[in-house]
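K.L.:
This is my_file07.cif (mmCIF, C-alpha atoms).
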```
data_work
loop_
_atom_site.label_atom_id
_atom_site.label_comp_id
_atom_site.auth_asym_id
_atom_site.auth_seq_id
_atom_site.Cartn_x
_atom_site.Cartn_y
_atom_site.Cartn_z
CA MET A 1 -1.37 6.07 19.26
CA ALA A 2 2.35 5.42 18.88
CA ASP A 3 4.87 8.10 18.04
CA GLY A 4 6.10 6.80 14.73
CA PRO A 5 8.71 7.91 12.26
CA THR A 6 8.10 10.70 9.79
CA CYS A 7 9.70 11.20 6.39
CA PRO A 8 13.46 11.50 6.85
CA ALA A 9 15.37 14.64 5.87
CA PRO A 10 16.77 14.66 2.32
CA VAL A 11 20.22 13.17 1.77
CA GLU A 12 22.64 15.06 -0.49
CA PRO A 13 21.52 13.68 -3.89
CA TYR A 14 24.96 13.07 -5.45
CA ASP A 15 26.68 11.80 -2.30
CA ASP A 16 26.58 8.06 -3.01
CA PRO A 17 28.14 6.99 0.32
CA ALA A 18 25.56 9.09 2.18
CA LEU A 19 22.70 7.64 0.10
CA ARG A 20 23.93 4.08 0.71
CA SER A 21 24.51 4.80 4.38
CA ARG A 22 20.95 6.10 4.81
CA LEU A 23 19.47 2.98 3.20
CA ALA A 24 21.75 0.65 5.16
CA ALA A 25 20.47 2.20 8.38
CA SER A 26 16.82 1.95 7.30
CA HIS A 27 14.08 -0.51 8.21
CA VAL A 28 11.10 -1.32 5.95
CA ALA A 29 8.19 -3.60 6.88
CA ILE A 30 6.51 -5.61 4.12
CA VAL A 31 3.06 -6.98 4.89
CA GLY A 32 2.48 -9.86 2.50
CA CYS A 33 5.19 -11.86 0.72
CA GLY A 34 3.47 -12.76 -2.53
CA GLY A 35 3.85 -11.18 -5.95
CA LEU A 36 4.27 -7.68 -4.60
CA GLY A 37 6.08 -8.34 -1.33
CA SER A 38 8.61 -10.98 -2.41
CA ASN A 39 9.76 -8.92 -5.39
CA ALA A 40 9.76 -5.61 -3.49
CA ALA A 41 11.82 -7.22 -0.72
CA ALA A 42 14.49 -8.38 -3.17
CA MET A 43 14.67 -4.93 -4.75
CA LEU A 44 15.02 -3.25 -1.36
CA VAL A 45 17.83 -5.62 -0.38
CA ARG A 46 19.60 -4.96 -3.70
CA CYS A 47 19.20 -1.21 -3.04
CA GLY A 48 20.98 -1.75 0.24
CA VAL A 49 18.15 -1.36 2.75
CA GLY A 50 19.64 -2.85 5.90
CA GLU A 51 16.64 -4.17 7.77
CA LEU A 52 13.35 -5.72 6.69
CA THR A 53 10.33 -7.05 8.55
CA LEU A 54 8.50 -9.72 6.53
CA VAL A 55 4.96 -10.80 7.43
CA ASP A 56 3.03 -13.62 5.74
CA PHE A 57 1.08 -16.65 6.95
CA ASP A 58 1.14 -18.63 3.71
CA VAL A 59 3.30 -21.37 2.20
CA VAL A 60 4.83 -21.47 -1.29
CA GLU A 61 2.58 -23.17 -3.86
CA GLU A 62 3.15 -24.05 -7.49
CA SER A 63 0.62 -21.42 -8.59
CA ASN A 64 2.84 -18.73 -7.03
CA LEU A 65 5.82 -19.43 -9.28
CA ASN A 66 4.45 -17.44 -12.24
CA ARG A 67 5.12 -14.13 -10.50
CA GLN A 68 6.48 -14.53 -6.99
CA LEU A 69 10.17 -14.76 -6.08
CA PHE A 70 10.14 -18.41 -5.09
CA PHE A 71 11.58 -21.56 -6.58
CA ARG A 72 10.35 -25.08 -7.18
CA ASP A 73 12.55 -26.49 -4.41
CA GLN A 74 10.80 -24.14 -1.96
CA LEU A 75 7.28 -25.55 -2.50
CA GLY A 76 5.58 -26.11 0.84
CA MET A 77 7.90 -23.81 2.78
CA PRO A 78 6.50 -20.79 4.62
CA LYS A 79 6.92 -17.82 2.29
CA THR A 80 8.70 -15.84 5.01
CA ILE A 81 11.35 -18.56 5.44
CA ALA A 82 11.79 -19.17 1.70
CA LEU A 83 12.06 -15.45 1.01
CA SER A 84 14.51 -14.85 3.83
CA ASP A 85 16.74 -17.64 2.45
CA THR A 86 16.76 -15.91 -0.95
CA LEU A 87 17.35 -12.43 0.48
CA LEU A 88 20.29 -13.67 2.54
CA ARG A 89 21.79 -15.16 -0.63
CA ILE A 90 21.65 -11.63 -2.12
CA ASN A 91 23.05 -9.94 0.99
CA PRO A 92 24.05 -12.05 3.99
CA ASP A 93 24.34 -8.92 6.12
CA VAL A 94 20.71 -7.81 5.82
CA THR A 95 18.78 -7.97 9.12
CA LEU A 96 15.46 -9.79 8.73
CA HIS A 97 12.55 -10.00 11.16
CA ILE A 98 10.26 -12.86 10.17
CA HIS A 99 6.64 -13.17 11.27
CA THR A 100 4.92 -16.27 9.90
CA GLU A 101 1.42 -15.36 10.93
CA CYS A 102 -1.76 -13.81 9.64
CA VAL A 103 -1.81 -10.04 9.97
CA THR A 104 -4.88 -8.68 11.73
CA ALA A 105 -6.19 -5.31 12.85
CA GLU A 106 -5.07 -6.33 16.34
CA ASN A 107 -1.46 -7.34 15.62
CA LEU A 108 -0.47 -5.09 12.71
CA GLU A 109 0.81 -2.19 14.80
CA THR A 110 3.03 -4.45 16.92
CA LEU A 111 4.40 -6.24 13.86
CA VAL A 112 5.43 -3.15 11.89
CA GLU A 113 5.85 -0.26 14.33
CA ALA A 114 9.66 -0.46 14.36
CA ALA A 115 9.88 0.24 10.62
CA ALA A 116 10.37 3.65 9.01
CA VAL A 117 8.14 2.72 6.06
CA VAL A 118 5.40 0.10 5.75
CA ILE A 119 4.59 -1.58 2.43
CA GLU A 120 1.15 -3.14 2.00
CA ALA A 121 1.63 -6.14 -0.27
CA ALA A 122 -1.48 -8.23 0.27
CA ASP A 123 -3.60 -9.76 -2.49
CA SER A 124 -7.27 -9.50 -1.53
CA ALA A 125 -9.14 -6.21 -1.47
CA GLU A 126 -10.36 -7.01 2.04
CA ALA A 127 -6.82 -7.50 3.35
CA LYS A 128 -5.66 -4.30 1.66
CA GLU A 129 -8.56 -2.40 3.23
CA MET A 130 -7.77 -3.75 6.69
CA ILE A 131 -4.02 -3.08 6.44
CA VAL A 132 -4.44 0.45 5.06
CA ASN A 133 -7.18 1.46 7.49
CA THR A 134 -5.35 0.00 10.48
CA ALA A 135 -1.92 1.36 9.58
CA LEU A 136 -3.21 4.87 8.85
CA ASP A 137 -5.24 4.84 12.06
CA ARG A 138 -2.65 3.38 14.47
CA LEU A 139 0.58 4.61 12.85
CA PRO A 140 -0.48 7.89 11.21
CA ASP A 141 3.07 9.28 11.10
CA THR A 142 4.60 6.22 9.44
CA PRO A 143 4.65 6.44 5.64
CA LEU A 144 2.53 3.68 4.08
CA VAL A 145 2.93 2.44 0.51
CA SER A 146 0.02 0.42 -0.88
CA ALA A 147 -0.81 -1.10 -4.27
CA SER A 148 -4.17 -1.37 -6.01
CA GLY A 149 -4.77 -2.14 -9.67
CA LEU A 150 -1.95 -4.24 -11.15
CA ALA A 151 -3.79 -7.19 -12.69
CA GLY A 152 -4.33 -7.81 -16.38
CA PHE A 153 -2.13 -7.03 -19.37
CA GLY A 154 -2.90 -3.31 -19.60
CA SER A 155 -0.09 -0.89 -20.24
CA ALA A 156 2.66 -0.88 -17.65
CA ASN A 157 2.63 2.90 -18.07
CA GLU A 158 -0.75 3.05 -16.33
CA VAL A 159 0.87 1.84 -13.10
CA VAL A 160 1.94 4.95 -11.22
CA THR A 161 2.86 6.09 -7.72
CA GLU A 162 0.91 8.97 -6.24
CA LEU A 163 0.58 10.65 -2.89
CA MET A 164 -3.05 9.91 -2.05
CA ALA A 165 -3.17 11.44 1.43
CA GLU A 166 -0.82 12.41 4.22
CA HIS A 167 1.88 9.70 4.45
CA PHE A 168 -0.14 7.43 2.12
CA TYR A 169 1.42 6.52 -1.22
CA LEU A 170 -0.64 4.53 -3.68
CA VAL A 171 0.75 2.42 -6.53
CA GLY A 172 -1.22 0.98 -9.43
CA ASP A 173 -3.78 1.89 -12.05
CA LEU A 174 -6.40 1.78 -9.25
CA LYS A 175 -8.87 -0.22 -11.31
CA SER A 176 -7.56 -3.54 -12.69
CA ASP A 177 -9.16 -6.02 -10.32
CA VAL A 178 -8.40 -9.74 -10.26
CA ARG A 179 -12.05 -10.31 -9.42
CA LEU A 180 -13.07 -8.85 -12.79
CA GLY A 181 -11.34 -11.76 -14.51
CA ASN A 182 -7.97 -10.08 -15.04
CA SER A 183 -5.06 -12.53 -14.97
CA LEU A 184 -1.86 -11.72 -13.10
CA PHE A 185 1.27 -11.33 -15.22
CA ALA A 186 4.73 -11.31 -13.67
CA SER A 187 5.75 -8.34 -15.79
CA ARG A 188 2.96 -6.04 -14.58
CA VAL A 189 2.98 -7.33 -10.98
CA MET A 190 6.72 -6.64 -10.84
CA VAL A 191 6.20 -3.14 -12.23
CA ALA A 192 3.92 -2.49 -9.26
CA ALA A 193 6.36 -4.17 -6.86
CA ALA A 194 9.16 -1.97 -8.23
CA HIS A 195 6.98 1.10 -7.76
CA GLU A 196 6.36 0.10 -4.15
CA ALA A 197 10.03 -0.57 -3.46
CA HIS A 198 11.12 2.63 -5.18
CA ALA A 199 8.50 4.70 -3.34
CA ALA A 200 9.99 3.37 -0.11
CA VAL A 201 13.55 4.15 -1.25
CA ARG A 202 12.58 7.72 -2.13
CA ILE A 203 10.85 8.21 1.22
CA LEU A 204 13.90 6.88 3.07
CA LEU A 205 16.21 9.19 1.11
CA GLY A 206 13.98 12.16 1.84
CA TYR A 207 12.53 12.59 -1.66
CA PRO A 208 8.99 11.20 -1.43
CA GLU A 209 6.49 11.55 -4.24
CA ALA A 210 4.71 14.88 -3.81
CA MET B 1 -22.66 23.41 4.22
CA THR B 2 -20.58 22.53 1.17
CA VAL B 3 -18.39 19.40 1.03
CA GLU B 4 -16.19 18.43 -1.91
CA ILE B 5 -16.48 14.72 -2.67
CA ALA B 6 -14.03 12.74 -4.82
CA LEU B 7 -14.73 9.09 -5.66
CA PHE B 8 -11.87 6.99 -7.01
CA ALA B 9 -11.69 4.05 -9.42
CA TYR B 10 -15.03 2.28 -9.98
CA LEU B 11 -16.72 4.37 -7.30
CA ALA B 12 -16.55 7.33 -9.71
CA ASP B 13 -19.56 5.79 -11.47
CA TYR B 14 -21.58 6.67 -8.37
CA GLN B 15 -21.17 10.42 -8.79
CA PRO B 16 -24.74 11.70 -9.20
CA ASP B 17 -23.85 13.74 -12.29
CA GLY B 18 -23.01 10.51 -14.14
CA LEU B 19 -19.83 11.97 -15.57
CA GLY B 20 -17.41 9.63 -13.77
CA GLY B 21 -13.82 10.63 -13.15
CA ARG B 22 -12.01 11.28 -9.90
CA SER B 23 -12.35 15.06 -9.77
CA PRO B 24 -14.09 16.37 -6.63
CA ARG B 25 -17.68 17.66 -6.91
CA PRO B 26 -19.35 20.10 -4.49
CA PHE B 27 -22.26 18.71 -2.46
CA GLU B 28 -24.66 20.73 -0.31
CA LEU B 29 -25.16 18.79 2.92
CA GLU B 30 -27.00 19.43 6.17
CA PRO B 31 -24.77 20.35 9.11
CA GLY B 32 -24.19 17.23 11.22
CA THR B 33 -23.97 14.91 8.22
CA THR B 34 -21.65 11.92 8.77
CA ILE B 35 -19.52 10.15 6.18
CA ASP B 36 -21.72 7.06 6.71
CA ALA B 37 -24.75 9.05 5.62
CA VAL B 38 -23.01 10.31 2.48
CA ILE B 39 -21.98 6.75 1.58
CA ALA B 40 -25.58 5.58 2.02
CA ASP B 41 -27.01 8.48 0.00
CA LEU B 42 -24.59 7.85 -2.86
CA GLY B 43 -25.52 4.16 -2.81
CA LEU B 44 -21.91 3.00 -2.64
CA PRO B 45 -21.59 -0.80 -2.60
CA ASP B 46 -20.59 -2.61 0.58
CA GLU B 47 -17.08 -3.28 -0.69
CA PRO B 48 -13.63 -2.53 0.77
CA ARG B 49 -12.89 1.18 0.91
CA VAL B 50 -10.63 3.75 2.57
CA VAL B 51 -11.90 7.20 3.51
CA PHE B 52 -9.99 10.46 3.77
CA VAL B 53 -11.08 13.92 4.89
CA ASN B 54 -8.84 16.83 4.01
CA GLY B 55 -6.02 14.47 3.08
CA LYS B 56 -6.10 12.51 6.32
CA HIS B 57 -7.52 9.09 7.09
CA ALA B 58 -10.98 9.30 8.66
CA ALA B 59 -13.44 6.94 10.32
CA GLU B 60 -16.74 6.48 8.49
CA ASP B 61 -18.78 7.65 11.48
CA SER B 62 -16.97 11.02 11.47
CA LEU B 63 -18.93 14.24 11.13
CA LEU B 64 -18.29 16.36 8.07
CA GLY B 65 -17.83 20.12 8.30
CA ASP B 66 -18.25 23.02 5.89
CA GLY B 67 -15.43 23.11 3.37
CA ASP B 68 -14.27 19.55 4.04
CA ARG B 69 -12.81 17.52 1.20
CA LEU B 70 -14.00 13.90 1.33
CA ALA B 71 -12.24 11.25 -0.77
CA ILE B 72 -13.19 7.59 -0.95
CA PHE B 73 -10.82 5.03 -2.45
CA PRO B 74 -11.69 1.35 -3.05
CA PRO B 75 -8.71 -1.06 -3.01
CA VAL B 76 -9.01 -3.80 -5.64
CA ALA B 77 -7.62 -7.33 -5.53
CA GLY B 78 -4.30 -8.49 -6.93
CA GLY B 79 -0.80 -8.95 -5.62
#
```
Any chance you could put this one into structure tokens?
P.N.:
Amino acid sequence: MADGPTCPAPVEPYDDPALRSRLAASHVAIVGCGGLGSNAAAMLVRCGVGELTLVDFDVVEESNLNRQLFFRDQLGMPKTIALSDTLLRINPDVTLHIHTECVTAENLETLVEAAAVVIEAADSAEAKEMIVNTALDRLPDTPLVSASGLAGFGSANEVVTELMAEHFYLVGDLKSDVRLGNSLFASRVMVAAAHEAHAAVRILLGYPEA
Amino acid sequence: MTVEIALFAYLADYQPDGLGGRSPRPFELEPGTTIDAVIADLGLPDEPRVVFVNGKHAAEDSLLGDGDRLAIFPPVAGG
């Protein structure tokens, strides 16, 4: 079991240079670069997070463009490469670690252990289960932000962030499952992505959801 | 021994009292009961899930103890 990071000490809340400095020195890992991960990554870069690890095995497809931060001229590109191109257009100084591979219970710890916060941003329930169980087991002191229940056109106000267990923050309405026939809408997916990104920001600044 | 059990999302329908909801319910269990056995007794489906005991991640073959708080959360698809 690795000695991982724990929640950082709180930064002075009205000291903007200190807040920005903390985020610039922070590293977040995002596992999955689809609707959740691509949008969360852009928000973290815009917030000034200085270092991201991006993990995804997939390539950009036309069906992704309704909610994921990709463009038509990126079709066929690995999502990690396409996303890193976009993030570097937002901030050329951000440090990116790209892993174009399938995350497994065997490689997850190695891929994300350098980060202060890990964001689960997979799509299938099975992948979410594997990532959450593996991360909480192997990196129990590293805050993990996960999302479950963001499909459909239900109220955006039902998507919340809560502290589910020690170092485990859960975003979503917990119930809206794609497999039940719920469509995915960019507006609600991005609400969940923003919750994930903001949960990470608050953890990094020392003000995690309680 | 008494164990508090909370079932989240659609798993709440498997609470024996039929009332649903995520609030924990007290269960009287034999000493030496594992989480696996509780899952089998409740008839939970073989679907993705994450298990916590006393607010910490736990393996499903773990033994439960008196006063433990068991929570089971099922991730659902979408992203």
K.L.:
Show me, as a list of chain:residue names, the residues of chain A whose atoms get within 7 Å of chain B, using all atoms listed in the file for the distance check.
P.N.:
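Every residue of chain A that passes the 7 Å test is in A:Gly34, A:Gly35, A:Leu36, A:Ala121, A:Ala122, A:Asp123, A:Ser124, A:Ala125, A:Glu126, A:Lys128, A:Glu129, A:Asn133, A:Leu136, A:Asp137, A:Ser148, A:Gly149, A:Leu150, A:Ala151, A:Ala165, A:Glu166, A:Leu174, A:Lys175, A:Asp177, A:Val178, A:Arg179, A:Val189.
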K.L.:
Go through A:Val160, A:His27, A:Gly154, A:Pro13 and flag the residue nearest A:Ser176, using only C-alpha atoms for the distances.
P.N.:
A:Gly154
K.L.:
Kindly provide, as an MDAnalysis selection string, the polymer residues lying within 8 Å of (-14.0, 14.0, -2.5), counting only C-alpha atoms and using the coordinates exactly as they appear in the file.
P.N.:
chainID B and resid 3:7 23:25 53 69:72
K.L.:
Determine, counting only C-alpha atoms, which protein, DNA and RNA residues have an atom within 6 Å of an atom of B:Ile35; residues of the same chain fewer than 5 positions away are not included. Present the result as a ChimeraX atom specification.
P.N.:
/B:60-62
K.L.:
Just write the chosen residues, C-alpha atoms, as a PDB file, in the coordinates of the input.
P.N.:
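part-v3.pdb written:
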```pdb
ATOM      1  CA  GLU B  60     -16.740   6.480   8.490  1.00  0.00           C
ATOM      2  CA  ASP B  61     -18.780   7.650  11.480  1.00  0.00           C
ATOM      3  CA  SER B  62     -16.970  11.020  11.470  1.00  0.00           C
TER       4      SER B  62
END
```
K.L.:
Would you work out the distance separating atom CA of A:Phe168 from atom CA of A:Arg202, expressed in Å to one decimal?
P.N.:
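Taking atom CA of A:Phe168 and atom CA of A:Arg202, their separation equals 13.4 Å.
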K.L.:
Enter the distance from atom CA of A:Arg89 to atom CA of A:Arg46, in Å, rounded to one decimal.
P.N.:
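Going from atom CA of A:Arg89 over to atom CA of A:Arg46 covers 10.9 Å.
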K.L.:
Determine, counting all atoms listed in the file, which protein, DNA and RNA residues have an atom within 10 Å of an atom of A:Val171; residues of the same chain fewer than 2 positions away are not included. Present the result as a list in words.
P.N.:
Val145, Ser146, Ala147, Ser148, Gly149, Leu150, Glu158, Val159, Val160, Thr161, Glu162, Leu163, Met164, Tyr169, Asp173, Leu174, Val191, Ala192, Ala193, Ala194, His195, Glu196 and Ala199 of chain A
K.L.:
Could you write stretch 161-190 of chain A as a PDB file, in the coordinates of the input, with N, CA and C atoms rebuilt where they are missing?
P.N.:
```
ATOM      1  N   THR A 161       2.817   5.839  -9.157  1.00  0.00           N
ATOM      2  CA  THR A 161       2.860   6.090  -7.720  1.00  0.00           C
ATOM      3  C   THR A 161       2.330   7.487  -7.478  1.00  0.00           C
ATOM      4  N   GLU A 162       1.395   7.626  -6.570  1.00  0.00           N
ATOM      5  CA  GLU A 162       0.910   8.970  -6.240  1.00  0.00           C
ATOM      6  C   GLU A 162       0.716   9.107  -4.742  1.00  0.00           C
ATOM      7  N   LEU A 163       0.855  10.346  -4.287  1.00  0.00           N
ATOM      8  CA  LEU A 163       0.580  10.650  -2.890  1.00  0.00           C
ATOM      9  C   LEU A 163      -0.925  10.855  -2.766  1.00  0.00           C
ATOM     10  N   MET A 164      -1.584   9.897  -2.127  1.00  0.00           N
ATOM     11  CA  MET A 164      -3.050   9.910  -2.050  1.00  0.00           C
ATOM     12  C   MET A 164      -3.539  10.739  -0.872  1.00  0.00           C
ATOM     13  N   ALA A 165      -2.811  10.702   0.216  1.00  0.00           N
ATOM     14  CA  ALA A 165      -3.170  11.440   1.430  1.00  0.00           C
ATOM     15  C   ALA A 165      -1.900  11.547   2.257  1.00  0.00           C
ATOM     16  N   GLU A 166      -2.014  12.202   3.398  1.00  0.00           N
ATOM     17  CA  GLU A 166      -0.820  12.410   4.220  1.00  0.00           C
ATOM     18  C   GLU A 166      -0.161  11.075   4.566  1.00  0.00           C
ATOM     19  N   HIS A 167       1.097  10.912   4.183  1.00  0.00           N
ATOM     20  CA  HIS A 167       1.880   9.700   4.450  1.00  0.00           C
ATOM     21  C   HIS A 167       1.331   8.447   3.783  1.00  0.00           C
ATOM     22  N   PHE A 168       0.448   8.605   2.785  1.00  0.00           N
ATOM     23  CA  PHE A 168      -0.140   7.430   2.120  1.00  0.00           C
ATOM     24  C   PHE A 168       0.153   7.490   0.631  1.00  0.00           C
ATOM     25  N   TYR A 169       0.993   6.580   0.169  1.00  0.00           N
ATOM     26  CA  TYR A 169       1.420   6.520  -1.220  1.00  0.00           C
ATOM     27  C   TYR A 169       0.754   5.322  -1.883  1.00  0.00           C
ATOM     28  N   LEU A 170       0.118   5.583  -3.028  1.00  0.00           N
ATOM     29  CA  LEU A 170      -0.640   4.530  -3.680  1.00  0.00           C
ATOM     30  C   LEU A 170      -0.042   4.222  -5.048  1.00  0.00           C
ATOM     31  N   VAL A 171       0.168   2.923  -5.284  1.00  0.00           N
ATOM     32  CA  VAL A 171       0.750   2.420  -6.530  1.00  0.00           C
ATOM     33  C   VAL A 171      -0.311   1.648  -7.303  1.00  0.00           C
ATOM     34  N   GLY A 172      -0.335   1.797  -8.613  1.00  0.00           N
ATOM     35  CA  GLY A 172      -1.220   0.980  -9.430  1.00  0.00           C
ATOM     36  C   GLY A 172      -1.970   1.808 -10.448  1.00  0.00           C
ATOM     37  N   ASP A 173      -2.892   1.127 -11.179  1.00  0.00           N
ATOM     38  CA  ASP A 173      -3.780   1.890 -12.050  1.00  0.00           C
ATOM     39  C   ASP A 173      -5.124   2.119 -11.369  1.00  0.00           C
ATOM     40  N   LEU A 174      -5.235   1.623 -10.133  1.00  0.00           N
ATOM     41  CA  LEU A 174      -6.400   1.780  -9.250  1.00  0.00           C
ATOM     42  C   LEU A 174      -7.618   0.974  -9.652  1.00  0.00           C
ATOM     43  N   LYS A 175      -7.618   0.398 -10.858  1.00  0.00           N
ATOM     44  CA  LYS A 175      -8.870  -0.220 -11.310  1.00  0.00           C
ATOM     45  C   LYS A 175      -8.777  -1.681 -11.707  1.00  0.00           C
ATOM     46  N   SER A 176      -7.626  -2.178 -12.132  1.00  0.00           N
ATOM     47  CA  SER A 176      -7.560  -3.540 -12.690  1.00  0.00           C
ATOM     48  C   SER A 176      -7.641  -4.578 -11.577  1.00  0.00           C
ATOM     49  N   ASP A 177      -8.814  -5.164 -11.444  1.00  0.00           N
ATOM     50  CA  ASP A 177      -9.160  -6.020 -10.320  1.00  0.00           C
ATOM     51  C   ASP A 177      -9.100  -7.483 -10.752  1.00  0.00           C
ATOM     52  N   VAL A 178      -8.423  -8.308  -9.980  1.00  0.00           N
ATOM     53  CA  VAL A 178      -8.400  -9.740 -10.260  1.00  0.00           C
ATOM     54  C   VAL A 178      -9.818 -10.307 -10.319  1.00  0.00           C
ATOM     55  N   ARG A 179     -10.683  -9.767  -9.494  1.00  0.00           N
ATOM     56  CA  ARG A 179     -12.050 -10.310  -9.420  1.00  0.00           C
ATOM     57  C   ARG A 179     -12.866 -10.029 -10.687  1.00  0.00           C
ATOM     58  N   LEU A 180     -12.377  -9.109 -11.529  1.00  0.00           N
ATOM     59  CA  LEU A 180     -13.070  -8.850 -12.790  1.00  0.00           C
ATOM     60  C   LEU A 180     -12.628  -9.812 -13.887  1.00  0.00           C
ATOM     61  N   GLY A 181     -11.792 -10.781 -13.534  1.00  0.00           N
ATOM     62  CA  GLY A 181     -11.340 -11.760 -14.510  1.00  0.00           C
ATOM     63  C   GLY A 181      -9.968 -11.449 -15.080  1.00  0.00           C
ATOM     64  N   ASN A 182      -9.310 -10.410 -14.575  1.00  0.00           N
ATOM     65  CA  ASN A 182      -7.970 -10.080 -15.040  1.00  0.00           C
ATOM     66  C   ASN A 182      -6.972 -11.111 -14.513  1.00  0.00           C
ATOM     67  N   SER A 183      -6.137 -11.637 -15.394  1.00  0.00           N
ATOM     68  CA  SER A 183      -5.060 -12.530 -14.970  1.00  0.00           C
ATOM     69  C   SER A 183      -3.928 -11.703 -14.358  1.00  0.00           C
ATOM     70  N   LEU A 184      -3.048 -12.395 -13.650  1.00  0.00           N
ATOM     71  CA  LEU A 184      -1.860 -11.720 -13.100  1.00  0.00           C
ATOM     72  C   LEU A 184      -0.650 -12.104 -13.941  1.00  0.00           C
ATOM     73  N   PHE A 185       0.070 -11.111 -14.421  1.00  0.00           N
ATOM     74  CA  PHE A 185       1.270 -11.330 -15.220  1.00  0.00           C
ATOM     75  C   PHE A 185       2.483 -10.836 -14.433  1.00  0.00           C
ATOM     76  N   ALA A 186       3.528 -11.664 -14.432  1.00  0.00           N
ATOM     77  CA  ALA A 186       4.730 -11.310 -13.670  1.00  0.00           C
ATOM     78  C   ALA A 186       5.230  -9.922 -14.043  1.00  0.00           C
ATOM     79  N   SER A 187       5.185  -9.607 -15.338  1.00  0.00           N
ATOM     80  CA  SER A 187       5.750  -8.340 -15.790  1.00  0.00           C
ATOM     81  C   SER A 187       5.028  -7.152 -15.162  1.00  0.00           C
ATOM     82  N   ARG A 188       3.699  -7.200 -15.122  1.00  0.00           N
ATOM     83  CA  ARG A 188       2.960  -6.040 -14.580  1.00  0.00           C
ATOM     84  C   ARG A 188       2.965  -6.057 -13.045  1.00  0.00           C
ATOM     85  N   VAL A 189       2.902  -7.247 -12.446  1.00  0.00           N
ATOM     86  CA  VAL A 189       2.980  -7.330 -10.980  1.00  0.00           C
ATOM     87  C   VAL A 189       4.330  -6.770 -10.510  1.00  0.00           C
ATOM     88  N   MET A 190       5.391  -7.115 -11.263  1.00  0.00           N
ATOM     89  CA  MET A 190       6.720  -6.640 -10.840  1.00  0.00           C
ATOM     90  C   MET A 190       6.889  -5.148 -11.079  1.00  0.00           C
TER      91      MET A 190
END
```
